[in-house]
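To be precise, the following lines are my_file02.csv, and they hold CSV, C-alpha atoms and all ligand atoms.
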```
chain,number,residue,atom,x,y,z
A,1,MET,CA,0.2,5.8,27.7
A,2,SER,CA,2.9,7.4,29.8
A,3,GLY,CA,3.1,9.9,32.6
A,4,ARG,CA,6.2,11.7,31.3
A,5,TYR,CA,4.5,15.0,30.8
A,6,ALA,CA,3.1,16.9,33.7
A,7,ARG,CA,1.5,20.2,34.3
A,8,ILE,CA,1.2,22.2,37.4
A,9,ILE,CA,-2.3,23.1,38.4
A,10,PRO,CA,-2.5,25.9,41.0
A,11,PRO,CA,-5.6,25.0,43.0
A,12,SER,CA,-7.5,27.6,45.0
A,13,ASP,CA,-5.9,26.6,48.4
A,14,GLY,CA,-2.4,27.5,47.1
A,15,ILE,CA,-1.1,23.9,47.1
A,16,GLN,CA,0.3,22.9,43.7
A,17,LEU,CA,-0.8,19.6,42.3
A,18,ARG,CA,1.2,17.7,39.7
A,19,VAL,CA,-1.3,16.2,37.3
A,20,PRO,CA,0.4,13.9,34.8
A,21,SER,CA,-0.6,14.4,31.2
A,22,ARG,CA,-1.7,11.2,29.4
A,23,GLU,CA,-0.3,10.2,26.1
A,24,TYR,CA,-2.8,8.6,23.7
A,25,HIS,CA,-2.2,6.8,20.4
A,26,ILE,CA,-4.6,7.6,17.6
A,27,VAL,CA,-4.6,5.9,14.2
A,28,VAL,CA,-6.1,7.5,11.1
A,29,LEU,CA,-7.3,4.8,8.7
A,30,GLY,CA,-9.2,4.6,5.4
A,31,ALA,CA,-8.8,4.2,1.7
A,32,GLY,CA,-6.3,6.2,-0.3
A,33,GLY,CA,-7.4,9.7,-1.3
A,34,VAL,CA,-10.2,10.1,1.3
A,35,GLY,CA,-8.4,13.0,3.0
A,36,LYS,CA,-6.6,11.3,6.0
A,37,SER,CA,-3.5,13.4,5.6
A,38,CYS,CA,-5.4,16.7,5.0
A,39,LEU,CA,-7.5,16.0,8.1
A,40,THR,CA,-4.5,15.3,10.2
A,41,ALA,CA,-2.7,18.4,8.9
A,42,GLN,CA,-5.7,20.6,9.7
A,43,PHE,CA,-6.0,19.2,13.2
A,44,VAL,CA,-2.3,19.2,14.1
A,45,GLN,CA,-1.1,22.3,12.2
A,46,ASN,CA,-4.1,24.2,11.1
A,47,VAL,CA,-3.1,24.1,7.5
A,48,TRP,CA,-4.7,23.1,4.3
A,49,ILE,CA,-2.4,21.1,2.0
A,50,GLU,CA,-3.9,20.6,-1.5
A,51,ALA,CA,-1.7,17.7,-2.5
A,52,TYR,CA,-0.1,15.2,-0.2
A,53,ASP,CA,2.2,12.4,-1.2
A,54,PRO,CA,-0.1,9.4,-0.8
A,55,THR,CA,2.8,7.2,0.2
A,56,ILE,CA,3.6,9.3,3.3
A,57,GLU,CA,2.9,7.6,6.6
A,58,ASP,CA,3.9,9.7,9.5
A,59,SER,CA,3.0,10.4,13.1
A,60,TYR,CA,2.4,13.8,14.7
A,61,ARG,CA,2.1,15.0,18.2
A,62,LYS,CA,-0.4,17.5,19.5
A,63,GLN,CA,-1.2,18.5,23.1
A,64,ILE,CA,-4.9,19.3,23.8
A,65,GLU,CA,-7.0,19.8,26.8
A,66,VAL,CA,-10.2,17.7,26.9
A,67,ASP,CA,-12.6,18.3,29.8
A,68,GLY,CA,-9.8,19.8,31.9
A,69,ARG,CA,-7.4,17.0,31.3
A,70,GLN,CA,-4.2,17.5,29.4
A,71,CYS,CA,-3.7,14.9,26.7
A,72,ILE,CA,-0.7,14.4,24.4
A,73,LEU,CA,-1.9,12.8,21.2
A,74,GLU,CA,0.4,10.7,19.1
A,75,ILE,CA,-1.5,10.6,15.7
A,76,LEU,CA,-0.5,8.1,13.1
A,77,ASP,CA,-1.6,9.1,9.6
A,78,THR,CA,-1.4,5.9,7.7
A,79,ALA,CA,-0.9,5.4,4.0
A,80,GLY,CA,-3.1,2.9,2.2
A,81,THR,CA,-1.4,0.4,-0.1
A,82,GLU,CA,-4.5,0.0,-2.2
A,83,GLN,CA,-3.6,2.9,-4.6
A,84,PHE,CA,-0.6,0.8,-5.8
A,85,SER,CA,-1.6,-1.6,-8.5
A,86,ALA,CA,0.5,-4.6,-9.3
A,87,SER,CA,0.9,-3.3,-12.9
A,88,LEU,CA,2.9,-0.2,-11.6
A,89,PRO,CA,6.6,-0.5,-12.1
A,90,LEU,CA,8.4,-0.8,-8.8
A,91,THR,CA,10.7,2.0,-9.7
A,92,ALA,CA,7.8,4.5,-10.1
A,93,HIS,CA,8.4,5.9,-6.6
A,94,PRO,CA,11.2,5.6,-4.2
A,95,ASN,CA,8.8,4.6,-1.4
A,96,LEU,CA,6.7,2.4,-3.5
A,97,LEU,CA,8.5,-0.9,-2.8
A,98,THR,CA,8.3,-0.5,1.0
A,99,SER,CA,4.7,0.6,0.6
A,100,CYS,CA,3.8,-2.4,-1.5
A,101,VAL,CA,5.5,-5.0,0.5
A,102,LYS,CA,4.5,-3.4,3.9
A,103,PRO,CA,3.2,-6.5,5.4
A,104,ALA,CA,-0.2,-6.9,7.0
A,105,ALA,CA,1.8,-7.4,10.2
A,106,MET,CA,2.7,-3.7,10.1
A,107,ARG,CA,-1.0,-2.8,10.1
A,108,GLU,CA,-1.6,-5.3,12.9
A,109,LEU,CA,1.1,-3.7,14.9
A,110,TYR,CA,-0.3,-0.2,14.8
A,111,MET,CA,-3.8,-1.5,15.4
A,112,LYS,CA,-2.5,-3.2,18.5
A,113,SER,CA,-0.8,-0.1,19.9
A,114,GLY,CA,-3.5,2.3,18.8
A,115,GLN,CA,-6.0,3.2,21.5
A,116,GLY,CA,-8.5,5.1,19.3
A,117,PHE,CA,-9.2,5.0,15.6
A,118,LEU,CA,-10.4,7.6,13.1
A,119,LEU,CA,-12.0,5.6,10.3
A,120,VAL,CA,-12.2,7.9,7.3
A,121,PHE,CA,-14.1,7.7,4.1
A,122,SER,CA,-15.1,10.2,1.5
A,123,ILE,CA,-18.8,11.1,1.1
A,124,THR,CA,-18.1,11.1,-2.7
A,125,SER,CA,-17.1,7.5,-2.8
A,126,LEU,CA,-19.3,4.6,-1.6
A,127,SER,CA,-16.5,2.1,-2.0
A,128,SER,CA,-14.4,4.1,0.5
A,129,LEU,CA,-17.2,3.5,3.1
A,130,THR,CA,-17.4,-0.2,2.2
A,131,GLU,CA,-13.7,-0.6,2.8
A,132,LEU,CA,-14.0,0.6,6.4
A,133,HIS,CA,-15.9,-2.6,7.3
A,134,GLU,CA,-12.8,-4.8,6.9
A,135,LEU,CA,-10.7,-2.3,8.8
A,136,ARG,CA,-13.2,-2.2,11.7
A,137,ASP,CA,-13.5,-6.0,11.8
A,138,GLN,CA,-9.7,-6.2,12.0
A,139,ILE,CA,-9.4,-3.7,14.8
A,140,VAL,CA,-12.1,-5.4,16.8
A,141,ARG,CA,-10.4,-8.8,16.3
A,142,ILE,CA,-6.9,-7.5,17.2
A,143,LYS,CA,-8.1,-5.5,20.2
A,144,ASP,CA,-10.5,-8.2,21.2
A,145,ASP,CA,-13.0,-5.4,22.0
A,146,GLU,CA,-16.3,-4.6,20.4
A,147,ARG,CA,-16.3,-1.2,22.1
A,148,VAL,CA,-12.9,0.0,21.0
A,149,PRO,CA,-12.9,3.8,20.8
A,150,LEU,CA,-13.5,4.9,17.2
A,151,VAL,CA,-15.1,7.6,15.2
A,152,ILE,CA,-16.5,7.3,11.6
A,153,VAL,CA,-15.6,10.3,9.5
A,154,GLY,CA,-17.3,11.1,6.2
A,155,ASN,CA,-14.8,13.7,4.8
A,156,LYS,CA,-15.2,16.1,1.8
A,157,SER,CA,-18.5,17.4,3.0
A,158,ASP,CA,-17.8,20.5,1.0
A,159,LEU,CA,-18.4,18.4,-2.1
A,160,GLU,CA,-22.1,18.0,-1.5
A,161,GLU,CA,-22.9,18.0,-5.2
A,162,ASP,CA,-20.7,14.9,-5.6
A,163,ARG,CA,-22.2,13.1,-2.6
A,164,ALA,CA,-22.3,9.3,-3.2
A,165,VAL,CA,-23.0,8.3,0.4
A,166,SER,CA,-26.2,9.5,2.0
A,167,ARG,CA,-26.2,10.4,5.7
A,168,SER,CA,-28.7,7.7,6.5
A,169,ARG,CA,-26.4,5.1,4.9
A,170,ALA,CA,-23.5,6.3,7.1
A,171,PHE,CA,-25.8,6.4,10.2
A,172,ALA,CA,-26.8,2.8,9.5
A,173,VAL,CA,-23.2,1.8,9.6
A,174,SER,CA,-22.7,3.7,12.8
A,175,GLN,CA,-25.7,1.9,14.4
A,176,SER,CA,-24.4,-1.5,13.3
A,177,TRP,CA,-21.1,-0.7,15.0
A,178,GLY,CA,-22.7,-0.1,18.4
A,179,ASN,CA,-23.6,3.6,17.7
A,180,ALA,CA,-20.1,4.7,16.9
A,181,PRO,CA,-20.1,8.5,16.5
A,182,TYR,CA,-20.4,9.7,12.9
A,183,TYR,CA,-19.0,13.1,11.8
A,184,GLU,CA,-19.1,14.7,8.4
A,185,THR,CA,-16.0,16.8,8.0
A,186,SER,CA,-14.3,19.0,5.4
A,187,ALA,CA,-10.6,19.1,5.7
A,188,ARG,CA,-10.7,21.8,3.0
A,189,ARG,CA,-12.9,24.1,5.1
A,190,ARG,CA,-11.7,22.8,8.4
A,191,ALA,CA,-15.3,21.9,9.4
A,192,ASN,CA,-15.9,19.4,12.2
A,193,VAL,CA,-12.2,18.4,12.3
A,194,ASP,CA,-11.5,19.2,15.9
A,195,GLU,CA,-14.9,17.8,16.9
A,196,ALA,CA,-14.1,14.4,15.4
A,197,PHE,CA,-10.6,14.2,17.1
A,198,VAL,CA,-11.9,15.4,20.4
A,199,ASP,CA,-14.8,13.0,20.5
A,200,LEU,CA,-12.3,10.2,19.9
A,201,CYS,CA,-10.0,11.5,22.7
A,202,ARG,CA,-13.0,11.7,25.0
A,203,GLN,CA,-13.8,8.0,24.3
A,204,ILE,CA,-10.2,7.0,25.0
A,205,ILE,CA,-10.2,8.9,28.3
A,206,ARG,CA,-13.4,7.3,29.4
A,207,LYS,CA,-12.0,3.9,28.7
A,208,ASP,CA,-8.8,4.8,30.5
A,209,VAL,CA,-10.6,5.9,33.6
A,210,ALA,CA,-12.9,2.8,33.6
A,211,THR,CA,-9.8,0.5,33.2
A,212,ALA,CA,-8.1,2.4,36.1
A,213,GLN,CA,-11.2,1.9,38.3
A,214,VAL,CA,-11.3,-1.8,37.6
A,215,ARG,CA,-7.6,-2.1,38.4
A,216,GLU,CA,-8.2,-0.1,41.7
A,217,MET,CA,-11.0,-2.4,42.7
A,218,GLU,CA,-9.0,-5.5,41.9
A,219,ARG,CA,-6.1,-4.1,44.0
A,220,GLY,CA,-8.5,-3.3,46.9
A,221,ASP,CA,-9.7,-6.9,46.7
A,222,ARG,CA,-6.2,-8.3,46.9
A,223,VAL,CA,-5.4,-6.1,49.9
A,224,ARG,CA,-8.6,-7.1,51.8
A,225,ARG,CA,-8.2,-10.9,51.2
A,226,PRO,CA,-5.0,-11.5,53.3
A,227,HIS,CA,-6.6,-10.0,56.4
A,228,LYS,CA,-9.4,-12.6,56.3
A,229,ARG,CA,-6.8,-15.3,56.0
A,230,ARG,CA,-4.8,-14.0,58.9
A,231,ARG,CA,-7.9,-13.9,61.2
A,232,ARG,CA,-8.8,-17.4,60.3
A,233,ARG,CA,-5.2,-18.6,61.1
A,234,ARG,CA,-5.4,-16.9,64.5
A,235,GLN,CA,-8.5,-18.9,65.3
A,236,VAL,CA,-6.7,-22.1,64.5
A,237,GLU,CA,-3.8,-21.1,66.8
A,238,LYS,CA,-6.2,-20.6,69.7
A,239,PRO,CA,-8.4,-23.7,69.5
A,240,GLY,CA,-9.6,-23.3,73.1
A,241,GLY,CA,-11.3,-20.0,72.5
A,242,MET,CA,-14.6,-21.5,71.3
A,243,CYS,CA,-14.6,-24.0,74.0
A,244,ASN,CA,-14.5,-21.3,76.6
A,245,ILE,CA,-17.7,-19.8,75.3
A,246,LEU,CA,-19.5,-23.1,75.5
B,301,LIG,N1,-12.8,19.0,-1.6
B,301,LIG,C1,-12.1,18.4,-0.7
B,301,LIG,N2,-11.0,17.8,-1.0
B,301,LIG,C2,-10.2,17.2,-0.1
B,301,LIG,C3,-10.7,17.2,1.3
B,301,LIG,N3,-9.7,16.5,2.0
B,301,LIG,C4,-8.8,16.1,1.1
B,301,LIG,N4,-9.1,16.5,-0.1
B,301,LIG,C5,-8.3,16.2,-1.3
B,301,LIG,O1,-8.3,14.8,-1.5
B,301,LIG,C6,-7.0,14.4,-2.0
B,301,LIG,C7,-6.4,13.3,-1.1
B,301,LIG,O2,-6.2,13.9,0.2
B,301,LIG,P1,-5.2,13.2,1.2
B,301,LIG,O3,-5.3,13.9,2.5
B,301,LIG,O4,-3.8,13.1,0.6
B,301,LIG,O5,-5.8,11.7,1.2
B,301,LIG,P2,-5.2,10.4,2.0
B,301,LIG,O6,-4.7,9.5,0.9
B,301,LIG,O7,-6.4,9.8,2.6
B,301,LIG,O8,-4.2,10.9,3.0
B,301,LIG,C8,-6.2,15.7,-2.1
B,301,LIG,O9,-6.1,16.1,-3.4
B,301,LIG,C9,-6.9,16.7,-1.2
B,301,LIG,O10,-6.7,18.0,-1.7
B,301,LIG,C10,-11.9,17.9,1.6
B,301,LIG,O11,-12.3,17.9,2.8
B,301,LIG,N5,-12.5,18.5,0.6
B,302,MG,MG,-2.2,10.4,3.2
```
Could you rewrite the structure in this file as structure tokens?
Amino acid sequence: MSGRYARIIPPSDGIQLRVPSREYHIVVLGAGGVGKSCLTAQFVQNVWIEAYDPTIEDSYRKQIEVDGRQCILEILDTAGTEQFSASLPLTAHPNLLTSCVKPAAMRELYMKSGQGFLLVFSITSLSSLTELHELRDQIVRIKDDERVPLVIVGNKSDLEEDRAVSRSRAFAVSQSWGNAPYYETSARRRANVDEAFVDLCRQIIRKDVATAQVREMERGDRVRRPHKRRRRRRQVEKPGGMCNIL
């Protein structure tokens, strides 16, 4: 998070308030081919791209307003390594070597810095939903937080005839993850794409506000405590005070 960006809000009384925009880090995770890049491209650039290079891992920035608050989103569209089998020659793609050897440490790093996670599977692939369990476990462990902001996304909802994951099955996962919101999206039709990202952003904001309140209370506590100590010290300095009353 940073307060680098600011906007001017002209309030009704004519005074201008500088309200810092917040920067939030979102990570898009899921098995290869589920539509992470297509969803990200639709959300950030409003474009449908039929074929994405599966090895591409890139981050994008987008400014949005959520509940009157300006947010700058830094979105990391991750590339899975699972689509590369060991039998593939390492010369098959220029990025292949780096993708294959990309250590788990790299994943840990972006899980650590991410504040919200879009866990994407395809409704046409049950295994892509199963794979999310490991990712979610890892996020919870690394963030040491069961309530980490996340959204479960069942993509390719336009392929209803190929559905392999029922809604009830996805809802059961959502319930077992503390009622994490579940969205069915279609990157192809741009259905529910904004809704999923905005929900995640809202969760991050709520967490951000709650953390700031706790910090404020702790600071208040620290400010109050020294006064008590000073008063007690003064009593010690005037030992005769109490005797006078008696
Ligand atoms: N029908 C349909 N195909 C999609 C959708 N989203 C992605 N795809 C296709 O799925 C393939 C993989 O998409 P991509 O975004 O590259 O997947 P990633 O590996 O998770 O980033 C591509 O051929 C896309 O055209 C969708 O919502 N509906
Ligand atoms: Mg991709």
Query raised in the report: Out of A:Pro181, A:Gly68, A:Gly32, A:Pro149, which residue has the shortest atom-to-atom distance to A:Gly116 when counting all atoms listed in the file?
Result: A:Pro149
Requested in this report: Determine, counting only C-alpha atoms, which protein, DNA and RNA residues have an atom within 10 Å of an atom of A:Phe117; residues of the same chain fewer than 4 positions away are not included. Present the result as an MDAnalysis selection string.
Outcome: chainID A and resid 25:29 75:76 111 136 139 148:152 197 200:201 204
Chain A near ligand MG 302 (chain B) within 6 Å: what's each residue's closest atom pair and its distance in Å to one decimal, counting all atoms listed in the file, ordered by chain then ascending residue number, as a Markdown table?
```
| residue | atom | partner | partner_atom | distance |
| --- | --- | --- | --- | --- |
| A:Lys36 | CA | B:MG302 | MG | 5.3 |
| A:Ser37 | CA | B:MG302 | MG | 4.1 |
| A:Pro54 | CA | B:MG302 | MG | 4.6 |
| A:Ile56 | CA | B:MG302 | MG | 5.9 |
| A:Ala79 | CA | B:MG302 | MG | 5.2 |
```
Using only C-alpha atoms and all ligand atoms, find each residue of chain A with at least one atom at most 9 Å away from an atom of ligand LIG 301 (chain B); report its shortest atom-to-atom pair and that distance in Å (one decimal), sort the rows by chain and rising residue number, and return the result as a tab-separated table.
```
residue	atom	partner	partner_atom	distance
A:Val28	CA	B:LIG301	O7	8.8
A:Leu29	CA	B:LIG301	O7	7.9
A:Gly30	CA	B:LIG301	O7	6.5
A:Ala31	CA	B:LIG301	O7	6.2
A:Gly32	CA	B:LIG301	O6	3.9
A:Gly33	CA	B:LIG301	O6	3.5
A:Val34	CA	B:LIG301	O7	4.0
A:Gly35	CA	B:LIG301	O3	3.3
A:Lys36	CA	B:LIG301	O7	3.7
A:Ser37	CA	B:LIG301	O3	3.6
A:Cys38	CA	B:LIG301	O3	3.8
A:Leu39	CA	B:LIG301	O3	6.4
A:Thr40	CA	B:LIG301	O3	7.9
A:Ala41	CA	B:LIG301	O3	8.2
A:Trp48	CA	B:LIG301	O10	8.1
A:Ile49	CA	B:LIG301	O10	6.5
A:Glu50	CA	B:LIG301	O10	3.8
A:Ala51	CA	B:LIG301	O9	4.8
A:Tyr52	CA	B:LIG301	O4	4.3
A:Asp53	CA	B:LIG301	O4	6.3
A:Pro54	CA	B:LIG301	O6	4.9
A:Thr55	CA	B:LIG301	O6	7.9
A:Ile56	CA	B:LIG301	O8	8.0
A:Glu57	CA	B:LIG301	O8	8.6
A:Asp77	CA	B:LIG301	O8	7.3
A:Thr78	CA	B:LIG301	O8	7.4
A:Ala79	CA	B:LIG301	O6	6.4
A:Gly80	CA	B:LIG301	O6	6.9
A:Gln83	CA	B:LIG301	O6	8.7
A:Val120	CA	B:LIG301	O7	7.7
A:Phe121	CA	B:LIG301	O7	8.1
A:Ser122	CA	B:LIG301	C3	8.3
A:Asn155	CA	B:LIG301	O11	5.3
A:Lys156	CA	B:LIG301	O11	3.6
A:Ser157	CA	B:LIG301	O11	6.2
A:Asp158	CA	B:LIG301	N5	5.7
A:Leu159	CA	B:LIG301	N1	5.7
A:Thr185	CA	B:LIG301	O11	6.5
A:Ser186	CA	B:LIG301	O11	3.5
A:Ala187	CA	B:LIG301	O11	3.6
A:Arg188	CA	B:LIG301	O11	4.2
A:Arg189	CA	B:LIG301	O11	6.6
A:Arg190	CA	B:LIG301	O11	7.5
A:Ala191	CA	B:LIG301	O11	8.3
```
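Coordinates place atom CA of A:Thr124 at a distance of 5.4 Å from atom CA of A:Asp162.
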Requested in this report: Quick one: pull the distance between atom CA of A:Ala180 and atom CA of A:Leu132, Å, one decimal.
Outcome: 12.8 Å
For the point (-23.8, 11.4, 12.1) in file coordinates, what residues are within 12 Å, counting all atoms listed in the file? Give the answer as a CSV table (one decimal) with C-alpha atoms, keeping the file's coordinate frame?
```
chain,number,residue,atom,x,y,z
A,151,VAL,CA,-15.1,7.6,15.2
A,152,ILE,CA,-16.5,7.3,11.6
A,153,VAL,CA,-15.6,10.3,9.5
A,154,GLY,CA,-17.3,11.1,6.2
A,155,ASN,CA,-14.8,13.7,4.8
A,166,SER,CA,-26.2,9.5,2.0
A,167,ARG,CA,-26.2,10.4,5.7
A,168,SER,CA,-28.7,7.7,6.5
A,169,ARG,CA,-26.4,5.1,4.9
A,170,ALA,CA,-23.5,6.3,7.1
A,171,PHE,CA,-25.8,6.4,10.2
A,172,ALA,CA,-26.8,2.8,9.5
A,173,VAL,CA,-23.2,1.8,9.6
A,174,SER,CA,-22.7,3.7,12.8
A,175,GLN,CA,-25.7,1.9,14.4
A,179,ASN,CA,-23.6,3.6,17.7
A,180,ALA,CA,-20.1,4.7,16.9
A,181,PRO,CA,-20.1,8.5,16.5
A,182,TYR,CA,-20.4,9.7,12.9
A,183,TYR,CA,-19.0,13.1,11.8
A,184,GLU,CA,-19.1,14.7,8.4
A,185,THR,CA,-16.0,16.8,8.0
A,192,ASN,CA,-15.9,19.4,12.2
A,195,GLU,CA,-14.9,17.8,16.9
A,196,ALA,CA,-14.1,14.4,15.4
```
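Our summary of the geometry notes that atom CA of A:Ser176 is positioned 11.2 Å from atom CA of A:Glu146.
The closest residue to A:Lys62, picked from A:Lys143, A:Val198, A:Gln203, A:Glu218 and counting all atoms listed in the file, is A:Val198.
Comparing A:Ala212, A:Ile205, A:Ile123, A:Val140 by their smallest distance to A:Cys71, the closest is A:Ile205 (using all atoms listed in the file).
Considering all atoms listed in the file, the residue among A:Ala210, A:Tyr60, A:Leu126, A:Asn46 positioned nearest to A:Ala164 is A:Leu126.
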